[in-house]
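Novice: Structure supplied as protein.cif; contents: mmCIF, C-alpha atoms.
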```cif
data_run
loop_
_atom_site.label_atom_id
_atom_site.label_comp_id
_atom_site.auth_asym_id
_atom_site.auth_seq_id
_atom_site.Cartn_x
_atom_site.Cartn_y
_atom_site.Cartn_z
CA MET A 1 6.03 18.19 28.95
CA THR A 2 7.43 21.71 28.53
CA ASP A 3 7.66 23.50 25.19
CA ALA A 4 11.45 23.26 25.37
CA GLU A 5 11.31 19.48 25.83
CA LEU A 6 8.86 19.17 22.98
CA HIS A 7 11.13 21.26 20.74
CA GLU A 8 14.11 19.06 21.62
CA ALA A 9 12.04 15.97 20.79
CA ARG A 10 11.23 17.52 17.43
CA LEU A 11 14.89 18.27 16.72
CA LEU A 12 15.86 14.68 17.50
CA LEU A 13 13.01 13.11 15.55
CA PRO A 14 15.04 12.29 12.37
CA TRP A 15 17.50 10.15 14.34
CA PHE A 16 14.61 8.46 16.11
CA VAL A 17 13.29 7.58 12.65
CA ASN A 18 16.63 6.24 11.34
CA GLY A 19 17.14 4.21 14.51
CA THR A 20 20.46 5.69 15.65
CA LEU A 21 19.36 7.66 18.73
CA ASP A 22 20.85 6.80 22.12
CA GLU A 23 18.62 5.78 25.02
CA ALA A 24 18.24 9.25 26.55
CA GLY A 25 17.34 10.75 23.18
CA ARG A 26 14.86 7.96 22.53
CA HIS A 27 13.13 8.63 25.84
CA THR A 28 12.89 12.33 25.02
CA VAL A 29 11.30 11.62 21.65
CA GLU A 30 8.99 8.93 22.98
CA ALA A 31 7.71 11.32 25.66
CA GLY A 32 7.16 13.95 22.98
CA LEU A 33 5.30 11.50 20.77
CA GLU A 34 3.04 10.56 23.62
CA ALA A 35 2.25 14.21 24.32
CA SER A 36 1.86 15.61 20.80
CA ALA A 37 -0.31 14.47 17.92
CA THR A 38 1.56 16.89 15.62
CA LEU A 39 4.85 15.24 16.51
CA ARG A 40 3.35 11.82 15.79
CA ALA A 41 2.18 13.04 12.38
CA GLU A 42 5.61 14.52 11.68
CA ARG A 43 7.24 11.22 12.63
CA ASP A 44 5.02 9.43 10.11
CA TRP A 45 5.96 11.97 7.46
CA LEU A 46 9.66 11.52 8.17
CA VAL A 47 9.27 7.75 7.90
CA ALA A 48 7.68 8.29 4.47
CA LEU A 49 10.38 10.81 3.56
CA ARG A 50 13.17 8.38 4.47
CA ARG A 51 11.45 5.68 2.42
CA ASP A 52 11.23 7.99 -0.60
CA VAL A 53 14.81 9.24 -0.27
CA GLN A 54 16.00 5.64 -0.24
CA ALA A 55 13.64 4.60 -3.05
CA GLU A 56 15.73 6.37 -5.64
CA THR A 57 18.05 3.63 -6.83
CA ILE A 58 21.67 4.66 -7.04
CA ALA A 59 23.79 2.41 -9.20
CA ALA A 60 26.90 1.08 -7.51
CA PRO A 61 30.14 2.28 -9.06
CA ASP A 62 31.14 -0.06 -11.84
CA ASP A 63 34.23 -2.27 -11.89
CA ALA A 64 36.04 0.35 -13.95
CA GLY A 65 36.35 2.42 -10.77
CA LEU A 66 38.05 -0.42 -8.93
CA ALA A 67 40.30 -1.19 -11.90
CA GLN A 68 41.23 2.50 -12.10
CA LEU A 69 42.06 2.52 -8.40
CA MET A 70 44.23 -0.60 -8.66
CA GLN A 71 46.08 0.76 -11.65
CA ARG A 72 46.81 3.98 -9.82
CA ILE A 73 48.15 2.08 -6.82
CA ASP A 74 50.26 -0.21 -8.98
CA GLY A 75 51.74 2.86 -10.63
CA GLU A 76 52.82 4.15 -7.22
CA ARG A 77 54.55 0.96 -6.09
CA PRO A 78 58.26 1.21 -5.40
CA ALA A 79 60.41 -0.42 -8.07
CA ASN A 80 61.72 -3.17 -5.80
CA VAL A 81 58.23 -4.54 -5.11
CA VAL A 82 57.40 -7.50 -7.31
CA SER A 83 54.19 -6.88 -9.18
CA LEU A 84 52.57 -7.57 -12.50
CA PRO A 85 53.16 -4.79 -15.01
CA VAL A 86 50.25 -2.36 -15.12
CA ALA A 87 49.52 -2.95 -18.79
CA LYS A 88 49.52 -6.72 -18.35
CA ARG A 89 47.31 -6.49 -15.31
CA ALA A 90 44.86 -4.21 -17.10
CA ARG A 91 44.24 -6.90 -19.70
CA TRP A 92 43.40 -9.67 -17.28
CA PHE A 93 41.84 -7.59 -14.53
CA ALA A 94 38.40 -7.06 -16.08
CA PRO A 95 37.80 -10.76 -16.87
CA VAL A 96 39.01 -11.67 -13.38
CA LEU A 97 36.51 -9.28 -11.85
CA ALA A 98 33.77 -10.75 -14.00
CA LEU A 99 34.80 -14.24 -12.95
CA ALA A 100 34.82 -13.21 -9.29
CA ALA A 101 31.32 -11.80 -9.63
CA SER A 102 30.08 -15.02 -11.23
CA LEU A 103 31.74 -17.07 -8.48
CA VAL A 104 29.90 -15.07 -5.82
CA LEU A 105 26.63 -15.71 -7.61
CA GLY A 106 27.52 -19.38 -7.96
CA GLN A 107 28.40 -19.52 -4.29
CA ALA A 108 24.98 -18.20 -3.32
CA ILE A 109 23.32 -20.87 -5.48
CA VAL A 110 25.54 -23.62 -4.07
CA ILE A 111 24.78 -22.60 -0.51
CA GLY A 112 21.08 -22.61 -1.32
CA VAL A 113 21.48 -26.18 -2.61
CA LEU A 114 23.44 -27.14 0.51
CA LEU A 115 20.64 -25.84 2.69
CA GLY A 116 18.13 -27.81 0.67
CA GLU A 117 20.16 -31.03 0.94
CA ARG A 118 20.65 -30.80 4.68
CA ASP A 119 17.07 -31.48 5.68
CA GLU A 120 18.07 -33.40 8.79
CA GLY A 121 20.06 -30.54 10.26
CA PHE A 122 17.90 -27.68 9.06
CA ARG A 123 15.49 -26.18 11.55
CA PRO A 124 13.02 -23.32 11.24
CA LEU A 125 14.52 -20.10 12.58
CA SER A 126 11.49 -19.39 14.72
CA GLY A 127 11.69 -22.63 16.69
CA PRO A 128 13.47 -23.13 19.98
CA THR A 129 16.47 -24.72 18.31
CA ALA A 130 17.05 -21.50 16.36
CA THR A 131 18.08 -19.73 19.54
CA ALA A 132 20.51 -22.45 20.67
CA GLY A 133 24.20 -22.35 19.83
CA ASP A 134 26.76 -19.64 19.15
CA ARG A 135 26.64 -17.48 16.05
CA ILE A 136 29.52 -16.51 13.79
CA GLN A 137 29.31 -14.05 10.91
CA ILE A 138 31.44 -15.18 8.04
CA ARG A 139 32.36 -14.01 4.58
CA PHE A 140 33.74 -16.60 2.19
CA GLN A 141 36.50 -15.88 -0.25
CA PRO A 142 35.03 -15.09 -3.68
CA GLU A 143 37.00 -17.94 -5.22
CA ALA A 144 36.02 -20.55 -2.60
CA THR A 145 34.44 -23.60 -4.21
CA GLU A 146 31.32 -25.47 -3.14
CA ALA A 147 33.45 -28.46 -2.07
CA GLN A 148 35.65 -26.25 0.13
CA ILE A 149 32.66 -24.60 1.80
CA ARG A 150 30.94 -27.94 2.37
CA THR A 151 34.08 -29.45 3.87
CA LEU A 152 34.60 -26.43 6.10
CA LEU A 153 31.02 -26.54 7.42
CA LEU A 154 31.38 -30.24 8.20
CA ASP A 155 34.74 -29.59 9.82
CA ILE A 156 33.40 -26.98 12.24
CA ASP A 157 30.02 -28.72 12.55
CA GLY A 158 28.27 -25.50 11.61
CA ASP A 159 24.96 -24.69 9.97
CA ILE A 160 24.19 -21.68 7.83
CA VAL A 161 21.21 -20.02 9.50
CA ALA A 162 21.11 -16.69 7.64
CA GLY A 163 22.57 -14.90 4.66
CA PRO A 164 23.96 -13.82 2.46
CA GLY A 165 23.30 -10.23 3.58
CA ALA A 166 23.82 -7.21 1.39
CA LEU A 167 27.52 -7.34 2.23
CA GLY A 168 27.85 -11.04 1.47
CA LEU A 169 27.88 -12.08 5.12
CA TYR A 170 26.51 -15.44 6.27
CA THR A 171 25.57 -16.35 9.82
CA ILE A 172 26.78 -19.76 10.93
CA ARG A 173 25.48 -21.55 14.03
CA VAL A 174 27.87 -23.72 16.00
CA GLU A 175 27.54 -25.56 19.30
CA THR A 176 27.23 -23.32 22.37
CA GLY A 177 30.61 -22.40 23.80
CA ARG A 178 32.54 -23.44 20.69
CA SER A 179 32.68 -20.10 18.84
CA GLY A 180 36.17 -19.28 20.16
CA ALA A 181 37.63 -22.58 19.03
CA VAL A 182 35.82 -22.37 15.69
CA LEU A 183 37.13 -18.85 15.08
CA GLN A 184 40.65 -20.13 15.76
CA ARG A 185 40.04 -22.90 13.27
CA LEU A 186 38.72 -20.45 10.69
CA THR A 187 41.84 -18.31 10.90
CA THR A 188 43.77 -21.26 9.46
CA ARG A 189 41.42 -21.44 6.47
CA ARG A 190 42.12 -18.15 4.71
CA ASP A 191 41.81 -20.00 1.43
CA VAL A 192 38.06 -20.33 2.07
CA VAL A 193 37.27 -17.62 4.65
CA ASP A 194 37.73 -13.93 4.01
CA SER A 195 36.59 -12.80 7.48
CA ALA A 196 34.82 -14.17 10.53
CA THR A 197 33.55 -12.57 13.74
CA ALA A 198 31.56 -13.90 16.68
CA VAL A 199 28.06 -12.47 17.02
CA PRO A 200 27.44 -11.25 20.60
CA ARG A 201 24.71 -13.22 22.35
CA MET B 1 19.22 1.57 2.94
CA ALA B 2 19.53 -2.14 3.24
CA GLN B 3 22.82 -3.12 4.80
CA ASP B 4 24.26 -5.24 7.57
CA ASP B 5 24.28 -3.57 10.96
CA PRO B 6 26.83 -0.76 11.44
CA SER B 7 28.84 -2.47 14.19
CA SER B 8 29.52 -5.62 12.17
CA GLN B 9 30.24 -3.48 9.10
CA ASN B 10 32.72 -1.45 11.16
CA ALA B 11 34.41 -4.54 12.55
CA HIS B 12 34.85 -5.91 9.05
CA ALA B 13 36.10 -2.54 7.74
CA LEU B 14 38.66 -2.34 10.57
CA GLU B 15 39.95 -5.78 9.75
CA LEU B 16 40.32 -4.81 6.10
CA LEU B 17 42.09 -1.56 7.03
CA ALA B 18 44.61 -3.50 9.08
CA ARG B 19 45.35 -5.72 6.09
CA MET B 20 45.54 -2.69 3.79
CA ALA B 21 48.08 -1.12 6.13
CA ARG B 22 50.24 -4.18 5.42
CA GLY B 23 49.87 -3.60 1.67
CA ASP B 24 47.20 -6.23 0.98
CA GLN B 25 45.50 -5.14 -2.25
CA SER B 26 42.81 -7.81 -2.01
CA ALA B 27 41.72 -6.11 1.23
CA LEU B 28 41.44 -2.83 -0.65
CA ALA B 29 39.24 -4.48 -3.26
CA ALA B 30 37.02 -5.86 -0.48
CA PHE B 31 36.96 -2.46 1.22
CA TYR B 32 35.96 -0.86 -2.05
CA ARG B 33 33.08 -3.29 -2.45
CA LEU B 34 32.03 -2.61 1.14
CA LEU B 35 31.94 1.19 1.15
CA ALA B 36 32.28 2.48 -2.42
CA PRO B 37 28.54 2.10 -3.14
CA GLN B 38 27.71 4.40 -0.19
CA VAL B 39 30.41 6.90 -1.10
CA ASN B 40 29.36 6.87 -4.74
CA ALA B 41 25.71 7.44 -3.83
CA PHE B 42 26.70 10.31 -1.54
CA ALA B 43 28.83 11.89 -4.29
CA LEU B 44 26.29 11.33 -7.04
CA ARG B 45 23.53 13.04 -5.07
CA GLN B 46 25.73 16.08 -4.58
CA LEU B 47 27.25 16.25 -8.06
CA SER B 48 24.51 14.74 -10.28
CA ASP B 49 27.24 13.45 -12.59
CA PRO B 50 28.09 9.71 -12.57
CA ASP B 51 31.60 10.19 -13.98
CA GLU B 52 32.51 12.85 -11.44
CA ALA B 53 30.96 10.77 -8.66
CA ARG B 54 33.13 7.80 -9.65
CA GLU B 55 36.22 9.99 -9.67
CA VAL B 56 35.40 11.19 -6.15
CA THR B 57 34.86 7.59 -5.06
CA VAL B 58 38.16 6.43 -6.53
CA ASP B 59 40.02 9.43 -5.09
CA THR B 60 38.50 8.75 -1.69
CA MET B 61 39.44 5.07 -1.74
CA HIS B 62 42.93 6.02 -2.85
CA ASP B 63 43.28 8.27 0.22
CA VAL B 64 41.92 5.48 2.40
CA TRP B 65 44.56 3.11 1.01
CA LYS B 66 47.34 5.59 1.69
CA GLY B 67 46.02 6.49 5.15
CA ALA B 68 45.01 3.02 6.32
CA ALA B 69 47.96 2.69 8.67
CA ALA B 70 47.26 6.07 10.25
CA PHE B 71 43.59 5.43 11.06
CA ARG B 72 43.35 5.38 14.85
CA GLY B 73 39.76 4.21 15.21
CA ASP B 74 38.53 7.35 16.99
CA ALA B 75 35.44 7.30 14.79
CA LEU B 76 33.55 4.70 12.82
CA VAL B 77 35.39 3.79 9.64
CA ARG B 78 32.52 4.98 7.45
CA THR B 79 32.49 8.36 9.25
CA TRP B 80 36.18 8.75 8.41
CA VAL B 81 35.58 7.71 4.81
CA PHE B 82 32.60 10.04 4.38
CA GLY B 83 34.72 12.87 5.81
CA ILE B 84 37.39 12.27 3.15
CA ALA B 85 34.76 12.10 0.42
CA ARG B 86 33.16 15.32 1.65
CA HIS B 87 36.42 17.26 1.33
CA LYS B 88 36.81 16.05 -2.23
CA LEU B 89 33.21 16.95 -3.02
CA LEU B 90 33.58 20.44 -1.60
CA ASP B 91 36.72 20.97 -3.69
CA ARG B 92 34.85 20.03 -6.83
CA LEU B 93 31.79 22.08 -5.98
CA ARG B 94 33.96 25.13 -5.31
CA ARG B 95 35.57 24.79 -8.74
CA ARG B 96 32.20 24.71 -10.49
CA PRO B 97 30.83 27.92 -11.93
CA ALA B 98 28.25 29.49 -9.65
CA GLN B 99 24.76 28.24 -10.37
CA ARG B 100 21.59 30.00 -9.52
CA THR B 101 19.63 27.88 -7.10
CA VAL B 102 16.12 28.61 -6.06
CA ASP B 103 16.13 29.61 -2.45
CA LEU B 104 13.40 27.67 -0.77
CA ASP B 105 13.14 30.38 1.85
CA GLU B 106 11.70 32.54 -0.95
CA ILE B 107 8.97 29.96 -1.36
CA SER B 108 8.27 29.91 2.34
CA GLU B 109 7.50 33.60 2.31
CA ILE B 110 4.60 33.20 -0.05
CA LEU B 111 3.03 30.37 1.90
CA PRO B 112 0.50 31.30 4.53
CA SER B 113 1.87 29.29 7.45
CA GLU B 114 4.14 26.40 8.36
CA ASP B 115 1.22 24.10 8.99
CA ALA B 116 -0.66 24.89 5.79
CA THR B 117 -0.77 21.20 4.88
CA PRO B 118 -0.86 18.64 7.66
CA PHE B 119 2.07 16.21 7.82
CA ASP B 120 -0.17 13.20 7.37
CA GLU B 121 -1.57 14.49 4.07
CA ILE B 122 1.93 15.10 2.72
CA ALA B 123 3.08 11.67 3.90
CA ARG B 124 0.13 10.07 2.15
CA ARG B 125 0.46 11.91 -1.16
CA GLN B 126 4.15 12.56 -1.67
CA ARG B 127 6.04 10.59 -4.28
CA ALA B 128 9.74 9.84 -4.60
CA GLY B 129 9.86 12.05 -7.70
CA HIS B 130 8.61 15.05 -5.74
CA VAL B 131 11.12 14.36 -2.98
CA ALA B 132 14.00 14.15 -5.47
CA HIS B 133 12.89 17.43 -7.05
CA CYS B 134 12.71 19.21 -3.71
CA MET B 135 16.04 17.75 -2.56
CA GLU B 136 17.67 19.32 -5.62
CA ARG B 137 16.38 22.70 -4.52
CA LEU B 138 17.79 22.54 -1.01
CA SER B 139 21.04 24.31 -0.25
CA ALA B 140 24.08 22.01 -0.54
CA GLU B 141 24.50 21.98 3.23
CA HIS B 142 20.86 21.06 3.88
CA ARG B 143 20.82 18.45 1.11
CA GLU B 144 23.95 16.82 2.44
CA CYS B 145 22.46 16.68 5.92
CA VAL B 146 19.22 15.10 4.69
CA GLN B 147 21.18 12.53 2.69
CA LEU B 148 23.45 11.58 5.55
CA VAL B 149 20.52 11.08 7.92
CA PHE B 150 17.80 9.64 5.70
CA PHE B 151 19.79 7.88 2.98
CA SER B 152 22.97 6.79 4.78
CA ASP B 153 21.23 6.44 8.16
CA LEU B 154 24.08 8.07 10.08
CA GLY B 155 23.80 9.05 13.72
CA LEU B 156 23.83 12.63 15.01
CA ALA B 157 27.46 12.48 16.20
CA GLU B 158 28.59 10.99 12.88
CA VAL B 159 26.91 13.76 10.87
CA ALA B 160 28.41 16.42 13.16
CA SER B 161 31.84 14.88 12.70
CA ILE B 162 31.48 14.75 8.91
CA GLN B 163 30.05 18.26 8.62
CA ASN B 164 32.64 19.47 11.11
CA CYS B 165 30.21 21.35 13.34
CA PRO B 166 28.55 20.95 16.75
CA GLU B 167 25.66 18.49 17.12
CA ASN B 168 23.26 21.35 17.91
CA THR B 169 24.11 22.95 14.58
CA VAL B 170 23.28 19.71 12.80
CA LYS B 171 19.97 19.44 14.64
CA THR B 172 19.00 22.99 13.71
CA ARG B 173 20.26 22.56 10.15
CA LEU B 174 18.15 19.48 9.62
CA PHE B 175 15.17 21.16 11.27
CA HIS B 176 15.33 23.94 8.67
CA ALA B 177 15.93 21.46 5.86
CA ARG B 178 12.80 19.55 6.91
CA ARG B 179 10.78 22.74 6.99
CA ASN B 180 11.98 23.69 3.52
CA LEU B 181 11.33 20.23 2.14
CA LYS B 182 7.82 20.26 3.55
CA ARG B 183 7.08 23.62 2.00
CA CYS B 184 8.45 22.56 -1.35
CA LEU B 185 6.37 19.38 -1.25
CA GLU B 186 3.29 21.41 -0.42
CA THR B 187 3.74 23.50 -3.55
CA ARG B 188 4.30 20.36 -5.65
CA LEU B 189 1.20 18.71 -4.25
CA GLU B 190 -0.78 21.88 -4.90
CA GLY B 191 0.40 21.61 -8.51
CA ASP B 192 -0.81 18.00 -8.69
CA ARG B 193 -4.18 19.04 -7.37
CA ASP B 194 -4.49 21.76 -10.02
CA ASP B 195 -3.59 19.39 -12.92
#
```
Is it possible to express this structure as structure tokens?
Specialist:
Amino acid sequence: MTDAELHEARLLLPWFVNGTLDEAGRHTVEAGLEASATLRAERDWLVALRRDVQAETIAAPDDAGLAQLMQRIDGERPANVVSLPVAKRARWFAPVLALAASLVLGQAIVIGVLLGERDEGFRPLSGPTATAGDRIQIRFQPEATEAQIRTLLLDIDGDIVAGPGALGLYTIRVETGRSGAVLQRLTTRRDVVDSATAVPR
Amino acid sequence: MAQDDPSSQNAHALELLARMARGDQSALAAFYRLLAPQVNAFALRQLSDPDEAREVTVDTMHDVWKGAAAFRGDALVRTWVFGIARHKLLDRLRRRPAQRTVDLDEISEILPSEDATPFDEIARRQRAGHVAHCMERLSAEHRECVQLVFFSDLGLAEVASIQNCPENTVKTRLFHARRNLKRCLETRLEGDRDD
């Protein structure tokens, strides 16, 4: 490996560490790592650096930010658009947000209970059955109830196999070849489903 | 940073943008929950002021709402959003009175060589507190670059797009930022050893 190639590998190292490098870049770095002990040590340091940079907890913006944003947008609405008055909305908006947050929490608990109740259909993810079937990523509406979610899962004959992720996404497994039909079905259930996308196999 | 994978996040963000373009405020609320934490973290690390960071986040999301219909999908949604946030951050930073920052290059001149402390020793001994301290002492451009790559986990092309410069400039910029961080950490670890 030439000095120039090694230098390029060193320049690309941070993106190798954060996992976003394309294939050609990955090959360059991997060749550099094989050739240079210094580069390997620097990679380990960057892994530790990334860990430490991410270790500092940053609080998410509070609901006041969202309320402020909504108020600003309401204030900009044309007069002929029907909307709740800003002042009236401001009074109910905070409790509604709090209720929505508690519903999300409740939803997570309910889904945990559902998983526990469905012993017959539940399979370990590492087994052969875990790889069978199509996968759909789904986000439920914050106000969806346990009964609605249960009914929907029975309707599409789906199992929750993962989630919720950090963004509130669940992965649902359905019979192989049925994801298209199920997605169609889900589009008619906007009362329960906020979004749904097929996971590529 | 723990998050769902970028492609599924982008697909979801695109869907929300389409709904926002039709005036759906519930989509905006969902979009806010999806990306505001990242924007807020990015702003807070640059401004070190939670109230100002929230204002930048709200301003950014407001621009997203107004520009939802115009987004053409040439870049990832988060790249577009970070670009908007960056402009707002730069405006605020420009309005601030000039602050004296310690130039880490000054530190580098008093150190004997780049490899004074091996990488593995720094990796073993460094602490998040030291890293935060040294990040504060980087130039704004270097700090932003480190944050985008190591905190937000953005790709090279995304960072170049946000920082509005060629990819090679980003690579070199981060190379110098890494060197300066390493030197700063060396001095901090020396201090620990002396205590």
Novice: Taking the file as shown, what set of residues would the PyMOL selection byres ((chain B and resi 137-140) around 12) give back, as a PyMOL selection string?
Specialist: chain B and resi 43+45-47+86+89-90+93-94+99-107+130-136+141-147+163+173-174+176-185
Novice: Please determine the contact residues of chain A with respect to chain B at a cut-off of 9 Å, counting all atoms listed in the file, and supply them as a PDB file with C-alpha atoms, keeping the file's coordinate frame.
Specialist:
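Produced file out.pdb, reproduced below:
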```pdb
ATOM      1  CA  ARG A  10      11.230  17.520  17.430  1.00  0.00           C
ATOM      2  CA  LEU A  11      14.890  18.270  16.720  1.00  0.00           C
ATOM      3  CA  LEU A  12      15.860  14.680  17.500  1.00  0.00           C
ATOM      4  CA  PRO A  14      15.040  12.290  12.370  1.00  0.00           C
ATOM      5  CA  TRP A  15      17.500  10.150  14.340  1.00  0.00           C
ATOM      6  CA  VAL A  17      13.290   7.580  12.650  1.00  0.00           C
ATOM      7  CA  ASN A  18      16.630   6.240  11.340  1.00  0.00           C
ATOM      8  CA  GLY A  19      17.140   4.210  14.510  1.00  0.00           C
ATOM      9  CA  THR A  20      20.460   5.690  15.650  1.00  0.00           C
ATOM     10  CA  LEU A  21      19.360   7.660  18.730  1.00  0.00           C
ATOM     11  CA  THR A  38       1.560  16.890  15.620  1.00  0.00           C
ATOM     12  CA  ALA A  41       2.180  13.040  12.380  1.00  0.00           C
ATOM     13  CA  GLU A  42       5.610  14.520  11.680  1.00  0.00           C
ATOM     14  CA  ARG A  43       7.240  11.220  12.630  1.00  0.00           C
ATOM     15  CA  ASP A  44       5.020   9.430  10.110  1.00  0.00           C
ATOM     16  CA  TRP A  45       5.960  11.970   7.460  1.00  0.00           C
ATOM     17  CA  LEU A  46       9.660  11.520   8.170  1.00  0.00           C
ATOM     18  CA  VAL A  47       9.270   7.750   7.900  1.00  0.00           C
ATOM     19  CA  ALA A  48       7.680   8.290   4.470  1.00  0.00           C
ATOM     20  CA  LEU A  49      10.380  10.810   3.560  1.00  0.00           C
ATOM     21  CA  ARG A  50      13.170   8.380   4.470  1.00  0.00           C
ATOM     22  CA  ARG A  51      11.450   5.680   2.420  1.00  0.00           C
ATOM     23  CA  ASP A  52      11.230   7.990  -0.600  1.00  0.00           C
ATOM     24  CA  VAL A  53      14.810   9.240  -0.270  1.00  0.00           C
ATOM     25  CA  GLN A  54      16.000   5.640  -0.240  1.00  0.00           C
ATOM     26  CA  ALA A  55      13.640   4.600  -3.050  1.00  0.00           C
ATOM     27  CA  GLU A  56      15.730   6.370  -5.640  1.00  0.00           C
ATOM     28  CA  ILE A  58      21.670   4.660  -7.040  1.00  0.00           C
ATOM     29  CA  ALA A  59      23.790   2.410  -9.200  1.00  0.00           C
ATOM     30  CA  ALA A  60      26.900   1.080  -7.510  1.00  0.00           C
ATOM     31  CA  PRO A  61      30.140   2.280  -9.060  1.00  0.00           C
ATOM     32  CA  ASP A  62      31.140  -0.060 -11.840  1.00  0.00           C
ATOM     33  CA  GLY A  65      36.350   2.420 -10.770  1.00  0.00           C
ATOM     34  CA  LEU A  66      38.050  -0.420  -8.930  1.00  0.00           C
ATOM     35  CA  GLN A  68      41.230   2.500 -12.100  1.00  0.00           C
ATOM     36  CA  LEU A  69      42.060   2.520  -8.400  1.00  0.00           C
ATOM     37  CA  MET A  70      44.230  -0.600  -8.660  1.00  0.00           C
ATOM     38  CA  ARG A  72      46.810   3.980  -9.820  1.00  0.00           C
ATOM     39  CA  ILE A  73      48.150   2.080  -6.820  1.00  0.00           C
ATOM     40  CA  GLN A 137      29.310 -14.050  10.910  1.00  0.00           C
ATOM     41  CA  GLY A 165      23.300 -10.230   3.580  1.00  0.00           C
ATOM     42  CA  ALA A 166      23.820  -7.210   1.390  1.00  0.00           C
ATOM     43  CA  LEU A 167      27.520  -7.340   2.230  1.00  0.00           C
ATOM     44  CA  LEU A 169      27.880 -12.080   5.120  1.00  0.00           C
ATOM     45  CA  SER A 195      36.590 -12.800   7.480  1.00  0.00           C
ATOM     46  CA  ALA A 196      34.820 -14.170  10.530  1.00  0.00           C
ATOM     47  CA  THR A 197      33.550 -12.570  13.740  1.00  0.00           C
ATOM     48  CA  VAL A 199      28.060 -12.470  17.020  1.00  0.00           C
TER      49      VAL A 199
END
```
Novice: Env of A:Val182: 10 Å cut, atoms = all atoms listed in the file, seq-sep filter 2 positions within chain, self excluded. Answer as a PyMOL selection string.
Specialist: chain A and resi 136+155-158+174-175+177-180+184-187+196+198
Novice: Report, in Å with one decimal, the straight-line distance from atom CA of A:Thr28 to atom CA of A:Arg40.
Specialist: 13.3 Å
Novice: Please enumerate the residues selected by the PyMOL selection byres ((chain A and resi 36) around 12) when evaluated against the supplied file, formatted as number ranges by chain.
Specialist: A: 1-3, 5-7, 9-10, 29-35, 37-43
Novice: Between atom CA of A:Glu8 and atom CA of B:Thr169, measure the distance and give it in Å to one decimal.
Specialist: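 Between atom CA of A:Glu8 and atom CA of B:Thr169 the gap is 12.8 Å.
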Novice: Interatomic distance between atom CA of A:Glu23 and atom CA of B:Thr79?
Specialist: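 One can read the atom CA of A:Glu23 to atom CA of B:Thr79 distance as 21.2 Å.
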Novice: Between B:Glu190, B:Asp49, B:Arg78, B:Cys165, which has the minimum distance to B:Asn10 (counting all atoms listed in the file)?
Specialist: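 Checking each candidate against B:Asn10, we get B:Arg78 as the closest.
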Novice: So that I can see what lies close to A:Phe140, please list as a list of chain:residue names the residues with an atom at most 8 Å from it, counting all atoms listed in the file and leaving out residues fewer than 2 positions away in the same chain.
Specialist: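 Listing them by chain and then by number gives A:Ile138, A:Pro142, A:Ala144, A:Leu169, A:Val192, A:Val193, A:Asp194, A:Ser195.
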Novice: Mind writing the picked residues with C-alpha atoms as a PDB file, keeping the file's coordinate frame?
Specialist:
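What follows is the written file result_22.pdb:
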```pdb
ATOM      1  CA  ILE A 138      31.440 -15.180   8.040  1.00  0.00           C
ATOM      2  CA  PRO A 142      35.030 -15.090  -3.680  1.00  0.00           C
ATOM      3  CA  ALA A 144      36.020 -20.550  -2.600  1.00  0.00           C
ATOM      4  CA  LEU A 169      27.880 -12.080   5.120  1.00  0.00           C
ATOM      5  CA  VAL A 192      38.060 -20.330   2.070  1.00  0.00           C
ATOM      6  CA  VAL A 193      37.270 -17.620   4.650  1.00  0.00           C
ATOM      7  CA  ASP A 194      37.730 -13.930   4.010  1.00  0.00           C
ATOM      8  CA  SER A 195      36.590 -12.800   7.480  1.00  0.00           C
TER       9      SER A 195
END
```
Novice: Put a box with edges along x, y and z around all the listed atoms of stretch 24-35 of chain B, pad it by 4 Å on each side, then give me its centre and sizes in Å, one decimal, as lines of an AutoDock Vina configuration file.
Specialist:
```
center_x = 39.6
center_y = -3.3
center_z = -1.0
size_x = 23.3
size_y = 17.0
size_z = 12.5
```
Novice: Going by the chain IDs and residue numbers used in this file, which residues fall under the PyMOL selection byres ((chain B and resi 69) around 12)? Write them as a list in words.
Specialist: Leu14, Glu15, Leu16, Leu17, Ala18, Arg19, Met20, Ala21, Arg22, Gly23, Asp24, Asp63, Val64, Trp65, Lys66, Gly67, Ala68, Ala70, Phe71, Arg72 and Gly73 of chain B
